[in-house]
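Undergrad: Before anything else, here's the structure in question.
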Amino acid sequence: MKTDIQIAQEATLKPIREIAEGLNLTENDWEPYGHTKAKLSDKLLDKLQDRENGKVVLVTSINPTPAGEGKSTVTVGLGQALNRIGKQTVIALREPSLGPVMGIKGGAAGGGYSQVLPMEDINLHFTGDLHAITSANNALSAILDNHIHQGNDLQIDTRQVMWKRVMDINDRALRKIVIGLGGTLQGVPREDGFNITVASEIMAILCLASSLEDLKKRISKIVVAYNHSNEPVTVKDLKAEGALTVLLKDAIKPNLVQTIENTPAIIHGGPFANIAHGCNSVMATKIAEKLGDFVVTEGGFGADLGAEKFLDIKTRAGDIDTDAVVIVATVRALKQHGGMKLDDLKEENVERLEAGMSNLEKHVETINEFGLPFVVAINKFPTDTKAETDFIEKWCAERNIDVALTDIHAKGGAGGEELAHTLVKKIETGENNFKRMYEVTDSIPDKVRAIAQKVYGAKDVEFSAEAQKQIEAFEKHGWDDLPICMAKTQYSLSDDPTKLGRPEGFTIHVREFSPSVGAGFLVALTGKMLTMPGLPKKPSALNMDVTEEGKIIGLF
């Protein structure tokens with residue numbers, strides 16, 4: 001089969017004007033970014049507010065493995081399939097980060113014949129949203145350090161500066177740095193560090209803001225440091241919210257593109273789900289709700305991360321109703337969760353597959369706990385055998401779980417029609433008794449325990465001395481009524497990435513908290529989770545090149 005980029009470059013795209021017109025948008029509702037991309041107006045949601053909402057479908061998965069699950073591919077393929085069966089559908093996805101694109105994980109534009117296009121643009125610079133977020137984040141760093149250098153009227157304790165610089169690439173050498181060296185003219189020396197752009201609170205704010213005004217209001221609440229009296233110092237105190245909003249005035253506008261089958265797709269925002277909240281923007285999803293009968297969106301990584309945060313954080317912030325969930329599973333990943341080595345996954349092994357089904361079982365239990373109707377989608381790979389896919393279907397049937405075998409990578413929307421029909425029927429006949437894992441009024445420890453025990457299956461939670469001290473401070477500052485965003489490895493239900501399958505009797509270790517008051521949640525960092533990843537020994541970037549004609553090669 002051809003590579004993803006070969007398939008993408010051979011596809012015939014419609015002018016973006018035709019995609020916009022197909023959604024009944026006027027020229028005032030969008031502005032072109034070239035021939036195949038557009039920015040939607042940040043006022044469009046106000047214009048559409050009286051329209052009935054479409055059905056929102058959340059695509060999630062089992063815990064990912066290096067074998068790959070294809071969650072974004074299923075999201076795109078399902079959107080195409082729903083359109084094929086007569087349901088006007090709009091896809092809502094996150095923007096890829098250069099970190100995984102240039103690193104090891106890959107892009108986020110789908111794959112095979114279920115891609116959003118132009119995939120090269122989307123996976124690289126796109127419309128510049130991530131660069132704008134990087135600029136805004138680092139402008140705040142510059143303003144903060146300049147304030148300290150110019151007399152420090154706010155009495156900021158340089159030992160308690162929380163705000164870090166960011167860049168949109170994995171660079172482990174910048175995790176911990178010292179700035180301000182070189183004498184009195186170069187600033188005040190202090191420890192600092194870099195996060196990856198998608199972990200910036202400004203990214204989270206962009207994705208949870210409902211308007212430009214709300215964006216500025218949230219930015220003003222960002223806590224950048226503490227003063228010598230241990231009181232928080234905010235962006236509002238620095239009088240910087242206006243300047244930062246100026247840098248984001250275009251980035252807040254959602255991006256309109258299309259799939260390989262010309263299904264409209266809105267791609268906007270890209271917070272990681274292991275270190276941030278892992279969902280595309282509220283504005284993009286709510287606009288898609290108004291433009292389509294169905295919206296297919298996704299939460300990053302497994303249901304323990306992206307789905308939990310979508311349902312406990314994003315739907316609260318955006319007042320979004322979720323109609324159904326799709327849980328993506330693959331034979332390959334389930335075999336690895338069952339103890340099979342990565343190099344052996346092409347071989348048939350129903351025994352290892354059966355052992356790995358415990359991981360799928362836990363995610364099914366989690367979605368049941370949320371009270372939402374769901375369908376399991378088996379994302380078919382060429383190496384899967386009939387005995388293996390039959391086993392998963394039988395396992396689901398024995399538990400009265402709706403399941404559909406999909407072949408959307410090779411066949412596009414046509415390979416997802418069974419899933420589309422099954423999903424529509426489930427929405428029409430299934431019970432929706434949605435409830436969240438916790439109330440925001442619960443204590444911080446109780447909210448963390450609810451996620452750890454109900455979603456991860458943990459026995460208990462252990463808070464470090466530093467975390468306990470932070471909880472007391474957060475309660476004093478009135479932040480204890482915010483939702484929790486868990487920063488945890490994506491590879492395991494636990495905080496230990498080596499514990500695959502369904503580990504039992506484990507403890508989640510919260511080493512520290514980070515207040516994202518502007519975004520509206522508290523981040524709990526568990527295990528050894530890093531907010532600036534590193535590149536692998538042989539990063540994907542080494543395979544990329546551009547021809548004399550300007551054609552990109554080696555990008556997946």
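Going by the structure tokens order, chains are called A, B, ..., each with residues numbered from 1, while ligands are numbered from 1 in the order shown.
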Within stretch 117-332 of chain A, find each residue whose DSSP state, derived from the backbone, is strand (DSSP E), and express the selection as a CSV table (one decimal) with all heavy atoms, in the first residue's frame.
TA:
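Here's the written file part-v4.csv:
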chain,number,residue,atom,x,y,z
A,117,LEU,N,-6.7,16.9,4.9
A,117,LEU,CA,-5.7,17.4,4.0
A,117,LEU,C,-5.8,18.9,3.9
A,117,LEU,O,-6.8,19.5,4.2
A,117,LEU,CB,-6.0,16.8,2.6
A,117,LEU,CG,-6.0,15.3,2.5
A,117,LEU,CD1,-6.4,14.9,1.1
A,117,LEU,CD2,-4.7,14.7,2.9
A,156,ILE,N,8.2,40.1,43.2
A,156,ILE,CA,8.2,38.7,42.8
A,156,ILE,C,9.4,37.9,43.4
A,156,ILE,O,10.6,38.4,43.3
A,156,ILE,CB,8.2,38.6,41.3
A,156,ILE,CG1,6.9,39.1,40.7
A,156,ILE,CG2,8.5,37.1,40.8
A,156,ILE,CD1,6.9,39.3,39.2
A,157,ASP,N,9.2,36.8,44.0
A,157,ASP,CA,10.2,36.0,44.5
A,157,ASP,C,10.8,35.1,43.3
A,157,ASP,O,10.1,34.3,42.8
A,157,ASP,CB,9.7,35.0,45.6
A,157,ASP,CG,10.8,34.2,46.3
A,157,ASP,OD1,11.9,34.1,45.8
A,157,ASP,OD2,10.4,33.5,47.3
A,158,THR,N,12.0,35.4,42.9
A,158,THR,CA,12.6,34.8,41.7
A,158,THR,C,12.8,33.3,42.0
A,158,THR,O,13.0,32.5,41.0
A,158,THR,CB,13.9,35.4,41.4
A,158,THR,OG1,14.8,35.4,42.5
A,158,THR,CG2,13.7,36.9,40.9
A,159,ARG,N,12.7,32.8,43.2
A,159,ARG,CA,12.8,31.4,43.5
A,159,ARG,C,11.4,30.7,43.3
A,159,ARG,O,11.3,29.5,43.3
A,159,ARG,CB,13.2,31.1,44.9
A,159,ARG,CG,14.6,31.7,45.2
A,159,ARG,CD,14.8,31.8,46.7
A,159,ARG,NE,13.8,32.6,47.4
A,159,ARG,CZ,13.8,32.8,48.7
A,159,ARG,NH1,14.6,32.2,49.5
A,159,ARG,NH2,12.8,33.6,49.2
A,160,GLN,N,10.4,31.5,43.1
A,160,GLN,CA,9.0,31.0,42.9
A,160,GLN,C,8.4,31.5,41.6
A,160,GLN,O,7.2,31.8,41.6
A,160,GLN,CB,8.2,31.4,44.1
A,160,GLN,CG,8.6,30.8,45.4
A,160,GLN,CD,7.6,30.9,46.5
A,160,GLN,OE1,6.6,30.2,46.6
A,160,GLN,NE2,7.7,31.9,47.4
A,161,VAL,N,9.2,31.6,40.6
A,161,VAL,CA,8.6,31.9,39.3
A,161,VAL,C,8.1,30.6,38.6
A,161,VAL,O,8.9,29.7,38.4
A,161,VAL,CB,9.6,32.6,38.4
A,161,VAL,CG1,9.1,32.8,36.9
A,161,VAL,CG2,10.0,34.0,38.9
A,165,ARG,N,9.2,29.2,29.6
A,165,ARG,CA,9.3,29.4,28.2
A,165,ARG,C,8.9,28.1,27.5
A,165,ARG,O,8.9,27.0,28.1
A,165,ARG,CB,10.6,29.9,27.8
A,165,ARG,CG,11.0,31.3,28.2
A,165,ARG,CD,12.4,31.6,28.2
A,165,ARG,NE,12.6,33.1,28.3
A,165,ARG,CZ,12.6,33.8,29.4
A,165,ARG,NH1,12.5,33.1,30.6
A,165,ARG,NH2,12.8,35.1,29.4
A,166,VAL,N,8.5,28.2,26.2
A,166,VAL,CA,8.1,27.0,25.5
A,166,VAL,C,8.7,27.1,24.1
A,166,VAL,O,9.1,28.1,23.5
A,166,VAL,CB,6.5,26.9,25.3
A,166,VAL,CG1,5.9,26.8,26.7
A,166,VAL,CG2,6.0,28.1,24.6
A,167,MET,N,8.7,25.9,23.4
A,167,MET,CA,9.0,25.8,22.0
A,167,MET,C,8.3,24.5,21.5
A,167,MET,O,8.1,23.6,22.2
A,167,MET,CB,10.5,25.7,21.7
A,167,MET,CG,11.2,24.5,22.3
A,167,MET,SD,13.0,24.6,21.9
A,167,MET,CE,13.0,24.6,20.1
A,177,ILE,N,17.2,25.3,32.8
A,177,ILE,CA,18.3,26.2,32.4
A,177,ILE,C,18.5,27.3,33.4
A,177,ILE,O,17.7,27.4,34.3
A,177,ILE,CB,17.9,26.8,31.0
A,177,ILE,CG1,16.7,27.6,31.1
A,177,ILE,CG2,17.8,25.8,29.9
A,177,ILE,CD1,16.3,28.4,29.8
A,178,VAL,N,19.5,28.1,33.2
A,178,VAL,CA,19.7,29.3,34.0
A,178,VAL,C,19.7,30.5,33.1
A,178,VAL,O,20.4,30.5,32.0
A,178,VAL,CB,21.0,29.2,34.8
A,178,VAL,CG1,21.3,30.5,35.6
A,178,VAL,CG2,21.0,28.0,35.8
A,179,ILE,N,19.0,31.5,33.4
A,179,ILE,CA,18.9,32.7,32.5
A,179,ILE,C,19.5,33.9,33.3
A,179,ILE,O,19.7,33.9,34.5
A,179,ILE,CB,17.5,33.0,32.1
A,179,ILE,CG1,16.6,33.3,33.3
A,179,ILE,CG2,16.9,31.8,31.3
A,179,ILE,CD1,15.2,33.8,32.9
A,190,ARG,N,18.4,33.6,37.3
A,190,ARG,CA,17.5,32.6,38.0
A,190,ARG,C,17.3,31.3,37.3
A,190,ARG,O,17.7,31.3,36.1
A,190,ARG,CB,16.1,33.3,38.2
A,190,ARG,CG,15.3,33.5,37.0
A,190,ARG,CD,13.9,34.0,37.3
A,190,ARG,NE,13.1,34.2,36.1
A,190,ARG,CZ,12.4,33.2,35.4
A,190,ARG,NH1,12.4,32.0,35.9
A,190,ARG,NH2,11.7,33.5,34.3
A,191,GLU,N,16.8,30.3,37.9
A,191,GLU,CA,16.6,29.0,37.2
A,191,GLU,C,15.3,29.2,36.4
A,191,GLU,O,14.4,29.8,36.8
A,191,GLU,CB,16.4,27.9,38.3
A,191,GLU,CG,17.7,27.5,39.0
A,191,GLU,CD,17.5,26.3,39.9
A,191,GLU,OE1,16.5,25.6,39.7
A,191,GLU,OE2,18.4,26.1,40.7
A,192,ASP,N,15.3,28.6,35.3
A,192,ASP,CA,14.1,28.6,34.4
A,192,ASP,C,14.1,27.2,33.7
A,192,ASP,O,14.8,26.3,34.0
A,192,ASP,CB,14.2,29.8,33.4
A,192,ASP,CG,12.9,30.1,32.8
A,192,ASP,OD1,11.9,29.5,33.2
A,192,ASP,OD2,12.9,31.0,31.9
A,194,PHE,N,12.1,25.1,29.9
A,194,PHE,CA,11.2,25.1,28.7
A,194,PHE,C,10.2,24.0,28.9
A,194,PHE,O,10.6,22.8,29.2
A,194,PHE,CB,11.9,25.0,27.4
A,194,PHE,CG,12.5,26.3,26.8
A,194,PHE,CD1,13.6,26.9,27.4
A,194,PHE,CD2,11.9,26.8,25.7
A,194,PHE,CE1,14.1,28.0,26.9
A,194,PHE,CE2,12.4,28.0,25.2
A,194,PHE,CZ,13.5,28.6,25.8
A,195,ASN,N,8.9,24.2,28.5
A,195,ASN,CA,8.0,23.2,28.2
A,195,ASN,C,7.8,23.1,26.7
A,195,ASN,O,8.2,24.0,26.0
A,195,ASN,CB,6.6,23.5,28.9
A,195,ASN,CG,6.7,23.4,30.4
A,195,ASN,OD1,7.5,22.7,31.0
A,195,ASN,ND2,5.9,24.2,31.1
A,196,ILE,N,7.1,22.0,26.3
A,196,ILE,CA,6.7,22.0,24.9
A,196,ILE,C,5.5,22.9,24.7
A,196,ILE,O,4.6,23.0,25.6
A,196,ILE,CB,6.5,20.6,24.4
A,196,ILE,CG1,6.4,20.5,22.9
A,196,ILE,CG2,5.3,19.9,25.1
A,196,ILE,CD1,6.5,19.1,22.3
A,223,VAL,N,-1.5,32.5,36.7
A,223,VAL,CA,-0.5,32.8,37.8
A,223,VAL,C,0.9,32.5,37.3
A,223,VAL,O,1.2,31.4,36.9
A,223,VAL,CB,-0.9,31.8,39.0
A,223,VAL,CG1,0.1,32.0,40.1
A,223,VAL,CG2,-2.3,32.1,39.5
A,224,VAL,N,1.7,33.5,37.3
A,224,VAL,CA,3.1,33.4,36.8
A,224,VAL,C,4.1,33.1,37.9
A,224,VAL,O,5.2,32.6,37.6
A,224,VAL,CB,3.5,34.6,35.9
A,224,VAL,CG1,2.6,34.7,34.7
A,224,VAL,CG2,3.4,35.9,36.8
A,225,ALA,N,3.8,33.6,39.1
A,225,ALA,CA,4.8,33.5,40.1
A,225,ALA,C,4.1,33.8,41.5
A,225,ALA,O,2.9,34.0,41.5
A,225,ALA,CB,5.9,34.5,39.9
A,226,TYR,N,4.9,33.7,42.5
A,226,TYR,CA,4.5,34.1,43.9
A,226,TYR,C,5.4,35.3,44.4
A,226,TYR,O,6.6,35.3,44.0
A,226,TYR,CB,4.5,33.0,44.9
A,226,TYR,CG,3.5,31.9,44.5
A,226,TYR,CD1,3.8,30.8,43.7
A,226,TYR,CD2,2.2,32.0,45.1
A,226,TYR,CE1,2.9,29.8,43.4
A,226,TYR,CE2,1.3,31.0,44.8
A,226,TYR,CZ,1.6,29.9,43.9
A,226,TYR,OH,0.7,29.0,43.6
A,227,ASN,N,4.9,36.2,45.2
A,227,ASN,CA,5.8,37.2,45.7
A,227,ASN,C,6.4,36.7,47.0
A,227,ASN,O,6.2,35.6,47.4
A,227,ASN,CB,5.0,38.5,45.9
A,227,ASN,CG,3.8,38.4,46.9
A,227,ASN,OD1,3.8,37.5,47.7
A,227,ASN,ND2,2.8,39.3,46.7
A,232,PRO,N,0.0,34.9,45.1
A,232,PRO,CA,0.1,34.7,43.6
A,232,PRO,C,0.2,36.0,42.9
A,232,PRO,O,-0.4,37.0,43.2
A,232,PRO,CB,-1.1,34.0,43.2
A,232,PRO,CG,-2.1,34.2,44.3
A,232,PRO,CD,-1.3,34.4,45.5
A,233,VAL,N,1.1,36.0,41.8
A,233,VAL,CA,1.2,37.2,40.9
A,233,VAL,C,0.6,36.7,39.6
A,233,VAL,O,1.0,35.7,39.0
A,233,VAL,CB,2.7,37.6,40.8
A,233,VAL,CG1,2.8,38.7,39.8
A,233,VAL,CG2,3.3,38.0,42.1
A,234,THR,N,-0.2,37.5,39.0
A,234,THR,CA,-0.9,37.1,37.8
A,234,THR,C,-0.5,38.0,36.6
A,234,THR,O,0.1,39.0,36.7
A,234,THR,CB,-2.5,37.2,38.0
A,234,THR,OG1,-2.8,38.6,38.1
A,234,THR,CG2,-2.9,36.4,39.2
A,255,ASN,N,-9.8,26.5,12.3
A,255,ASN,CA,-9.3,26.3,10.9
A,255,ASN,C,-10.2,25.3,10.2
A,255,ASN,O,-10.5,24.2,10.7
A,255,ASN,CB,-7.9,25.7,10.9
A,255,ASN,CG,-7.0,26.6,11.7
A,255,ASN,OD1,-6.7,27.7,11.3
A,255,ASN,ND2,-6.5,26.1,12.9
A,256,LEU,N,-10.6,25.6,9.0
A,256,LEU,CA,-11.5,24.7,8.2
A,256,LEU,C,-10.6,24.1,7.1
A,256,LEU,O,-10.0,24.8,6.3
A,256,LEU,CB,-12.6,25.5,7.5
A,256,LEU,CG,-13.6,24.7,6.6
A,256,LEU,CD1,-14.3,23.7,7.4
A,256,LEU,CD2,-14.5,25.7,5.9
A,257,VAL,N,-10.7,22.8,7.0
A,257,VAL,CA,-10.0,22.0,5.9
A,257,VAL,C,-11.0,20.9,5.5
A,257,VAL,O,-12.2,21.0,5.7
A,257,VAL,CB,-8.7,21.4,6.3
A,257,VAL,CG1,-7.6,22.5,6.5
A,257,VAL,CG2,-8.8,20.6,7.6
A,258,GLN,N,-10.5,19.9,4.8
A,258,GLN,CA,-11.3,18.8,4.3
A,258,GLN,C,-10.6,17.5,4.4
A,258,GLN,O,-9.4,17.4,4.5
A,258,GLN,CB,-11.8,19.0,2.9
A,258,GLN,CG,-10.6,19.1,1.9
A,258,GLN,CD,-11.0,19.6,0.6
A,258,GLN,OE1,-11.6,18.9,-0.2
A,258,GLN,NE2,-10.5,20.8,0.3
A,259,THR,N,-11.4,16.4,4.4
A,259,THR,CA,-10.7,15.0,4.3
A,259,THR,C,-10.5,14.6,2.9
A,259,THR,O,-10.8,15.3,2.0
A,259,THR,CB,-11.7,14.0,5.0
A,259,THR,OG1,-12.7,13.7,4.1
A,259,THR,CG2,-12.2,14.5,6.3
A,264,PRO,N,-16.0,18.0,5.5
A,264,PRO,CA,-15.4,19.2,6.2
A,264,PRO,C,-14.8,18.8,7.5
A,264,PRO,O,-15.4,18.0,8.3
A,264,PRO,CB,-16.6,20.1,6.4
A,264,PRO,CG,-17.8,19.3,6.2
A,264,PRO,CD,-17.4,18.2,5.3
A,265,ALA,N,-13.7,19.4,7.9
A,265,ALA,CA,-13.0,19.2,9.1
A,265,ALA,C,-12.6,20.5,9.7
A,265,ALA,O,-12.0,21.3,9.0
A,265,ALA,CB,-11.8,18.2,8.9
A,266,ILE,N,-12.9,20.7,11.0
A,266,ILE,CA,-12.4,21.9,11.7
A,266,ILE,C,-11.3,21.4,12.7
A,266,ILE,O,-11.5,20.6,13.5
A,266,ILE,CB,-13.5,22.5,12.5
A,266,ILE,CG1,-14.7,22.9,11.5
A,266,ILE,CG2,-13.0,23.8,13.2
A,266,ILE,CD1,-15.9,23.5,12.2
A,267,ILE,N,-10.1,22.0,12.4
A,267,ILE,CA,-8.9,21.6,13.2
A,267,ILE,C,-8.4,22.8,14.0
A,267,ILE,O,-8.0,23.8,13.4
A,267,ILE,CB,-7.8,21.0,12.3
A,267,ILE,CG1,-8.4,19.8,11.5
A,267,ILE,CG2,-6.6,20.6,13.1
A,267,ILE,CD1,-7.4,19.2,10.6
A,294,PHE,N,-24.0,15.5,12.7
A,294,PHE,CA,-23.1,14.8,13.6
A,294,PHE,C,-21.8,15.5,13.7
A,294,PHE,O,-21.3,16.1,12.7
A,294,PHE,CB,-22.9,13.4,13.1
A,294,PHE,CG,-24.0,12.4,13.4
A,294,PHE,CD1,-25.2,12.4,12.6
A,294,PHE,CD2,-23.9,11.5,14.5
A,294,PHE,CE1,-26.2,11.6,12.9
A,294,PHE,CE2,-25.0,10.6,14.7
A,294,PHE,CZ,-26.1,10.7,14.0
A,295,VAL,N,-21.1,15.5,14.8
A,295,VAL,CA,-19.8,15.9,15.0
A,295,VAL,C,-19.0,14.7,15.5
A,295,VAL,O,-19.3,14.1,16.5
A,295,VAL,CB,-19.7,17.1,16.1
A,295,VAL,CG1,-18.3,17.5,16.2
A,295,VAL,CG2,-20.6,18.2,15.7
A,296,VAL,N,-17.9,14.4,14.8
A,296,VAL,CA,-17.0,13.4,15.3
A,296,VAL,C,-15.7,14.1,15.8
A,296,VAL,O,-15.0,14.7,15.0
A,296,VAL,CB,-16.7,12.4,14.2
A,296,VAL,CG1,-15.8,11.2,14.8
A,296,VAL,CG2,-18.0,11.8,13.6
A,297,THR,N,-15.4,13.9,17.1
A,297,THR,CA,-14.2,14.5,17.6
A,297,THR,C,-13.5,13.5,18.4
A,297,THR,O,-13.9,12.3,18.6
A,297,THR,CB,-14.6,15.7,18.5
A,297,THR,OG1,-13.4,16.4,18.9
A,297,THR,CG2,-15.4,15.3,19.8
A,298,GLU,N,-12.3,13.8,19.0
A,298,GLU,CA,-11.5,12.8,19.7
A,298,GLU,C,-10.8,13.5,20.9
A,298,GLU,O,-10.6,14.7,21.0
A,298,GLU,CB,-10.4,12.2,18.7
A,298,GLU,CG,-9.6,13.2,17.9
A,298,GLU,CD,-8.2,13.5,18.5
A,298,GLU,OE1,-7.7,12.6,19.2
A,298,GLU,OE2,-7.7,14.6,18.3
A,324,ALA,N,-22.5,9.9,22.3
A,324,ALA,CA,-22.0,8.6,22.3
A,324,ALA,C,-20.4,8.6,22.2
A,324,ALA,O,-19.8,9.6,21.9
A,324,ALA,CB,-22.5,7.8,21.1
A,325,VAL,N,-19.9,7.5,22.5
A,325,VAL,CA,-18.4,7.3,22.5
A,325,VAL,C,-18.0,6.1,21.6
A,325,VAL,O,-18.8,5.1,21.6
A,325,VAL,CB,-17.9,7.1,23.9
A,325,VAL,CG1,-16.4,6.8,24.0
A,325,VAL,CG2,-18.2,8.3,24.8
A,326,VAL,N,-16.9,6.2,20.9
A,326,VAL,CA,-16.4,5.1,20.2
A,326,VAL,C,-15.0,4.8,20.8
A,326,VAL,O,-14.2,5.6,21.0
A,326,VAL,CB,-16.2,5.4,18.7
A,326,VAL,CG1,-15.4,4.3,18.0
A,326,VAL,CG2,-17.5,5.7,18.0
A,327,ILE,N,-14.9,3.5,21.2
A,327,ILE,CA,-13.6,3.1,21.8
A,327,ILE,C,-12.8,2.3,20.8
A,327,ILE,O,-13.2,1.2,20.4
A,327,ILE,CB,-13.8,2.2,23.1
A,327,ILE,CG1,-14.7,2.9,24.1
A,327,ILE,CG2,-12.5,1.8,23.7
A,327,ILE,CD1,-15.2,2.0,25.3
A,328,VAL,N,-11.7,2.8,20.3
A,328,VAL,CA,-10.9,2.2,19.3
A,328,VAL,C,-10.0,1.1,19.9
A,328,VAL,O,-9.3,1.4,20.9
A,328,VAL,CB,-10.1,3.2,18.5
A,328,VAL,CG1,-9.2,2.5,17.4
A,328,VAL,CG2,-11.0,4.2,17.9
A,329,ALA,N,-9.9,-0.1,19.3
A,329,ALA,CA,-9.0,-1.1,19.8
A,329,ALA,C,-8.4,-1.8,18.5
A,329,ALA,O,-9.0,-1.8,17.5
A,329,ALA,CB,-9.8,-2.1,20.6
Undergrad: Residues of stretch 50-112 of chain A that approach stretch 486-505 of chain A to 8 Å or less, counting only C-alpha atoms: could you list each one with the shortest pair of atoms and its distance in Å to one decimal, rows by chain and increasing residue number, as a tab-separated table?
TA:
residue	atom	partner	partner_atom	distance
A:Asn63	CA	A:Tyr491	CA	5.5
A:Pro64	CA	A:Tyr491	CA	5.6
A:Thr65	CA	A:Tyr491	CA	6.2
Undergrad: Pick out the residues sitting within 12 Å of A:Thr184, and hand them over as a PyMOL selection string; count only C-alpha atoms, and ignore anything fewer than 4 positions along from it in its own chain.
TA: chain A and resi 149-150+180+188-189
Undergrad: Between A:Asn543, A:Ile104, A:Val364, A:Ile219, single out the one closest to A:Cys396, counting only C-alpha atoms.
TA: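 Of A:Asn543, A:Ile104, A:Val364, A:Ile219, the one nearest A:Cys396, counting only C-alpha atoms, is A:Val364.
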Undergrad: Which residue out of A:Gly110, A:Pro539, A:Pro66, A:Pro445 has the minimum interatomic distance to A:Val510 when only C-alpha atoms are used?
TA: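 Closest to A:Val510 of all the choices is A:Pro445.
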